[in-house]
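Peer 1: Structure provided below as structure tokens; questions to follow.
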Amino acid sequence: MTAQTTQKDSKVPELTIFRGWKESGKYVWSPYVTKLEARLRFAGVRYKTDVGSVSAAPKGKIPYAECNLASVSTSTTVQKGTPQSKTLLSDSALITETLKRWGVLSDLNEALEPSKRSHDMALRAQLEDKLYFYHTWERWTQNYYVMRDHVLWAMPYPVRVFVGLLIYRNTVATLHGQGTGRFTGEEIAAFRRDIWAGLSALLEASRSSTKSADDPFWVLGEEHPTEADACLFGFIVSVLVCTAAPDSQKVVKSYPVLLDYAGRIHDRYFPDYEKWRE
């Protein structure tokens, strides 16, 4: 599946995003995959998707990307340090930063004043360094079998059972060391609700200042998306499509502004993707 592009094809490298699942034209459960896809589509950069595997990923995690600069016209000037052949990139944030350094992506936050740049960074940290672990706890400890069978779909059942137990043990140990695993289920649920409530309040303020009932509105109230919007969209969609996160789904769906925010972005930038059920 490819994204619509507003850039000249000769200036864009051939990009393939490996998402871990083979469902073309559908969102996947990873917030970081959707975050990266949104970031590319915000910029109008064309890309393909493929399954890939954790074992083939440079940092052992999904998503990762293959960038083929051989597809760029020889008359095109590329930034210093840009490779001239196929290169594997890993981690959604590092992929974005690398593509910005190569001149493939622009800096969405470049025009922001310092206070808003810090606000954007804080929002992303709240999602990726706090909410992510609350979601991981819910999926891997409260809905283990659904999560295991979805993540390990490519493995035969006996192997899936063994590998799933290894992942479970490692996940529980990681959550305990990180801190999330030391809280009760009720406390974690309250933390999740507080984060979604705060984000909803920000989006309500942004939506109130938009002039259109159909165009996307952005979390910092800007006229254009910032890096936080790609991240927030990824996390909302991840909850809405993941069947191993029923409690988080109820919370997200209880805030209509979250659904409106994600729905407008979907309609504008992902019209070729199957939409979640509301």
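For the structure tokens, the naming scheme is as follows: chains receive sequential letters (A, B, ...) according to their order of presentation, residues are indexed from 1 within each chain, and ligands are indexed from 1 in presentation order.
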Write out as a PyMOL selection string the residues lying within 12 Å of A:His176, counting only C-alpha atoms and excluding same-chain residues fewer than 5 positions away.
Peer 2: chain A and resi 133-134+136-137+169-171+181-184
Peer 1: Store the residues of this selection in a file with C-alpha atoms, as an mmCIF file, in the first residue's frame.
Peer 2:
data_model
loop_
_atom_site.group_PDB
_atom_site.id
_atom_site.type_symbol
_atom_site.label_atom_id
_atom_site.label_comp_id
_atom_site.auth_asym_id
_atom_site.auth_seq_id
_atom_site.Cartn_x
_atom_site.Cartn_y
_atom_site.Cartn_z
ATOM 1 C CA PHE A 133 3.898 0.777 29.555
ATOM 2 C CA TYR A 134 0.343 0.982 30.924
ATOM 3 C CA THR A 136 1.802 -3.115 27.640
ATOM 4 C CA TRP A 137 0.688 -4.184 31.131
ATOM 5 C CA ARG A 169 8.296 -13.427 31.708
ATOM 6 C CA ASN A 170 10.513 -10.795 30.119
ATOM 7 C CA THR A 171 7.634 -8.318 29.900
ATOM 8 C CA GLY A 181 4.477 -3.514 37.430
ATOM 9 C CA ARG A 182 4.722 -2.275 41.024
ATOM 10 C CA PHE A 183 1.255 -0.644 40.892
ATOM 11 C CA THR A 184 -2.141 -2.309 41.312
#
Peer 1: I want to know what sits within 7 Å of stretch 228-231 of chain A, based on only C-alpha atoms, with residues of the same chain fewer than 2 positions away left out; could you give that as a VMD selection string?
Peer 2: chain A and resid 35 38 to 39 120 123 to 124 218 to 219 225 to 226 233 to 235
Peer 1: Could you pull the residues within 12 Å of stretch 153-168 of chain A, counting only C-alpha atoms, minus those fewer than 5 positions along the same chain, as a ChimeraX atom specification?
Peer 2: /A:20-23,51-54,136-148,173-175
Peer 1: Would you mind reading off the distance between atom CA of A:Gly221 and atom CA of A:Ile195, one decimal, in Å?
Peer 2: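 These atoms are spaced 18.2 Å apart.
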Peer 1: For each of A:Glu14, A:Glu37, A:Glu128, A:Glu186, take the minimum atom-to-atom distance to A:Phe270, counting only C-alpha atoms, then give the residue where this is smallest.
Peer 2: A:Glu37
Peer 1: Using only C-alpha atoms, find the one residue out of A:Tyr32, A:Tyr132, A:Trp196, A:Phe42 that sits nearest to A:Lys250.
Peer 2: A:Trp196
Peer 1: Applying 12 Å and only C-alpha atoms, which residues near A:Glu113 remain after dropping the ones on its own chain fewer than 6 positions away? List them as a list in words.
Peer 2: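 Here the qualifying residues turn out to be His119, Asp120, Leu220 and Glu222 of chain A.
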